[in-house]
Each structure stands twice: as C-alpha cells, then as structure tokens.
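First the structure, in the form of structure tokens, and then the observations on it.
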Amino acid sequence: MIREKITDFLTYACWPSKVRKLVTGLVRAIIMGDPVETLKYLLPKTCESINKIMNDPEGNALLTDHKGDKELTWYLVLFSELVRVRGDALMIYKEMIISVFHQCIQIIHKGSYKAVASAAKHLLKSLTHIYMINTRLTVENIDGPFIDFLPIRAWGQPVDVDKVQVQFHIPNDDELDFVREFVETFLYVELDLLKEKSSKLSNGERLRSLTIVHHIAIGCFRIVSRIGSPNVQNLVPTVVPYSAQSQAQYSMYFKEPKFRENLRWRLLINIGKLLG
C-alpha cells in the first residue's frame with residue numbers, strides 16, 4: 001500500500017520547479033534503497049505518461065513550443081532520475097527507454113530538453129561506470145527493528161572487507177552494446193544537424209542540440225579512447241623522472257565498444273568548425 005501511494009504521488013502529480021528538487025531527492029533515495037523494485041513500479045508508468053502526452057493529437061506541437069508543458073517536463077525530470085540506477089537493472093527496459101528519447105529529444109522547451117539531456121548523461125554513466133552496487137558496509141541486519149540495531153551506530157566503524165562482500169557494477173557486453181547503439185542513434189544526428197544546418201537554426205535550437213551533445217559526451221567518454229599524439233620531447237626532469245620506453249594500457253571492460261570513429265576527434269572537428 002505504501003509503495004502504491006508513493007507511486008501515485010510521483011507519477012500522477014505535476015510539481016512546480018520550487019518543489020521539484022525536494023521530490024527528485026525523494027526519488028533518488030528510493031532508487032538507492034531498492035533500484036529493481038523502484039524501476040518496476042515507476043519507470044513503466046512514467047514512460048507511459050510521457051508517450052501518452054507525445055502521442056496526443058497536440059503532442060507534435062510540443063516539439064516546437066517554447067512554453068512547454070509542465071506535466072511533460074515533470075515526467076521527463078522523473079525519467080531522468082529513474083535512469084540513474086545501475087546499468088544491469090536498466091537493460092530489461094531498453095526499448096522503453098529508447099522510445100522516450102525518440103519521442104522527446106527534439107523538444108525545444110528549455111526545461112524539457114535539459115531533462116532529456118540529463119537523462120542521457122545519467123543513462124550512459126549508469127551503463128559505463130564501475131561503482132559499488134551495495135553501500136551497506138556492515139554485517140549487521142540494518143533492515144531489522146531499531147531496538148536490535150541502530151544503523152547510525154555503524155558509521156565510522158572499521159569493517160572486514162571480506163565479510164561485507166562488497167559488490168561492484170562492471171559493465172557487461174550487452175550494456176556496452178546499448179551504449180554504442182544509443183550514441184550512434186542520437187549523437188550523430190545532432191552533430192550532423194549542427195554541421196549542415198547550423199546557419200538555419202535559431203539560437204534556441206542550436207543551444208538544445210549543443211546541450212544534448214554535451215551531456216551524451218560526458219556520459220560516454222569513459223569508454224572512448226583518447227586522441228593519439230606524439231610524446232612531448234625534452235621535458236624538464238622532475239623528482240620522479242618519466243623514462244619508460246613503453247606504456248602499458250589495460251582496459252576496465254571485457255569488450256571495448258567499437259564506434260564508427262573516435263568521438264573525441266569528431267567533436268573536436270565539428271565544434272571547432274562551429275566556433276570558427
């Protein structure tokens with residue numbers, strides 16, 4: 001019953017910007033506590049609400065409406081928070097997530113496209129980063145009654161790492177393939193738009209496109225190889241001189257995703273031309 005009330009509270013309400021940060025903080029806390037169950041009850045309803053608004057006869061008008069729709073903006077903000085969960089929990093909702101981006105990535109309203117951009121960044125970080133899955137570094141039963149154990153008493157206490165069995169999220173092949181598919185589906189469209197139609201775009205449209213590109217780049221650059229360059233010659237010696245003849249580089253991933261090209265180079269060239 002409590003879960004249903006929270007779900008209704010979040011998915012059937014349109015919160016103003018002043019209250020939005022408080023509510024999104026609540027969502028973030030719920031996600032950290034139980035990401036799998038939270039997604040199960042919140043993500044489908046949120047995506048359904050977004051698609052319902054966009055599939056409405058007046059939905060197409062929202063793409064070019066600078067005033068935006070408060071209800072849609074809230075659902076996009078909620079969607080952005082929900083895709084913060086660990087990558088493996090998101091995979092079963094892949095088609096649902098992609099559908100929302102296809103529907104909303106072209107929205108010109110500033111609040112809405114910022115939420116979409118944040119969702120892209122959070123999604124890509126969740127899929128590509130390595131991080132702890134469980135942050136409960138204690139062997140005590142913190143789900144029991146407080147009379148038996150008060151969790152605050154575990155703060156700052158030393159623990160045996162082997163006993164707490166810390167688990168990490170390490171991106172698997174399916175997650176990295178999802179990242180590659182997402183980047184090639186949405187990033188290149190924006191880069192081509194900026195390259196071919198930059199002079200025809202309004203300032204608002206150009207800012208929307210650059211915001212999307214920026215957030216996708218932040219989200220996926222962890223798995224994009226660096227730009228190769230020759231070593232700098234005649235460096236001034238330091239206390240710890242660097243004199244190795246070769247460098248060993250090891251990948252953190254089982255399989256490096258193969259993009260069409262080095263995205264760092266592509267962004268450097270495209271954005272450089274835009275600025276020039």
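Chain labels follow the order of the structure tokens: the first chain is A, the next B, and so on; residue numbering restarts at 1 in every chain, and ligands are counted from 1 in their shown order.
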Neighbour list for region 64-73 of chain A as a PyMOL selection string, cut-off 7 Å, only C-alpha atoms, skip fewer than 5 positions in-chain: chain A and resi 14+50+53+107-109+111-112
Would you tabulate, counting only C-alpha atoms, all residues of region 207-228 of chain A that have an atom at most 12 Å from an atom of region 163-186 of chain A, showing the closest pair of atoms and their distance in Å to one decimal, sorted by chain then ascending number, as JSON lines?
```
{"residue": "A:Ser209", "atom": "CA", "partner": "A:Phe186", "partner_atom": "CA", "distance": 10.4}
{"residue": "A:Ile212", "atom": "CA", "partner": "A:Phe186", "partner_atom": "CA", "distance": 8.7}
{"residue": "A:Val213", "atom": "CA", "partner": "A:Phe186", "partner_atom": "CA", "distance": 8.7}
{"residue": "A:His214", "atom": "CA", "partner": "A:Val183", "partner_atom": "CA", "distance": 12.0}
{"residue": "A:His215", "atom": "CA", "partner": "A:Val183", "partner_atom": "CA", "distance": 11.0}
{"residue": "A:Ile216", "atom": "CA", "partner": "A:Val183", "partner_atom": "CA", "distance": 7.3}
{"residue": "A:Ala217", "atom": "CA", "partner": "A:Val183", "partner_atom": "CA", "distance": 8.8}
{"residue": "A:Ile218", "atom": "CA", "partner": "A:Val183", "partner_atom": "CA", "distance": 11.5}
{"residue": "A:Gly219", "atom": "CA", "partner": "A:Val179", "partner_atom": "CA", "distance": 9.4}
{"residue": "A:Cys220", "atom": "CA", "partner": "A:Val179", "partner_atom": "CA", "distance": 7.4}
{"residue": "A:Phe221", "atom": "CA", "partner": "A:Val183", "partner_atom": "CA", "distance": 10.6}
{"residue": "A:Arg222", "atom": "CA", "partner": "A:Val179", "partner_atom": "CA", "distance": 11.1}
{"residue": "A:Ile223", "atom": "CA", "partner": "A:Leu176", "partner_atom": "CA", "distance": 8.8}
{"residue": "A:Val224", "atom": "CA", "partner": "A:Arg180", "partner_atom": "CA", "distance": 10.3}
```
Residues flagged strand (DSSP E or B) by DSSP in region 92-226 of chain A, as a list in words: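 Restricting region 92-226 of chain A to strand (DSSP E or B) produces Tyr131, Met132, Phe168 and His169 of chain A.
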Only N, CA and C atoms, please: the residues just picked out, written as a compact mmCIF listing (two decimals), in the first residue's frame.
```
# COMPACT_ATOMS: atom_id res chain seq x y z
N TYR A 131 31.13 0.97 -10.24
CA TYR A 131 30.78 1.55 -8.95
C TYR A 131 30.24 0.45 -8.04
N MET A 132 30.18 0.76 -6.75
CA MET A 132 29.65 -0.21 -5.79
C MET A 132 28.15 -0.35 -5.97
N PHE A 168 30.48 -4.90 -7.00
CA PHE A 168 30.65 -3.78 -7.92
C PHE A 168 29.89 -4.02 -9.21
N HIS A 169 29.43 -2.92 -9.78
CA HIS A 169 28.84 -2.99 -11.12
C HIS A 169 29.96 -2.84 -12.14
```
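Among A:Thr38, A:Ser198, A:Thr46, A:Ser126, the residue with the shortest atom-to-atom distance to Asn270 (chain A), counting only C-alpha atoms, is A:Ser198.
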Pick from A:Lys125, A:Tyr188, A:Ser225, A:Val77 nearest to Arg20 (chain A), counting only C-alpha atoms: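 Nearest to Arg20 (chain A): A:Val77.
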Residues within 8 Å of Ile105 (chain A), only C-alpha atoms, excluding chain neighbours under 6 positions, as a list of chain:residue names: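 Returned residues: A:Tyr113, A:Val116, A:Ala117.
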Distance of CA of Leu39 (chain A) from CA of Leu150 (chain A), expressed in Å to one decimal place: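 For CA of Leu150 (chain A) relative to CA of Leu39 (chain A), the distance reads 28.0 Å.
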Pairwise distance for CA of Arg264 (chain A) and CA of Leu191 (chain A), rounded to one decimal in Å: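 Calculated distance between CA of Arg264 (chain A) and CA of Leu191 (chain A) is 12.4 Å.
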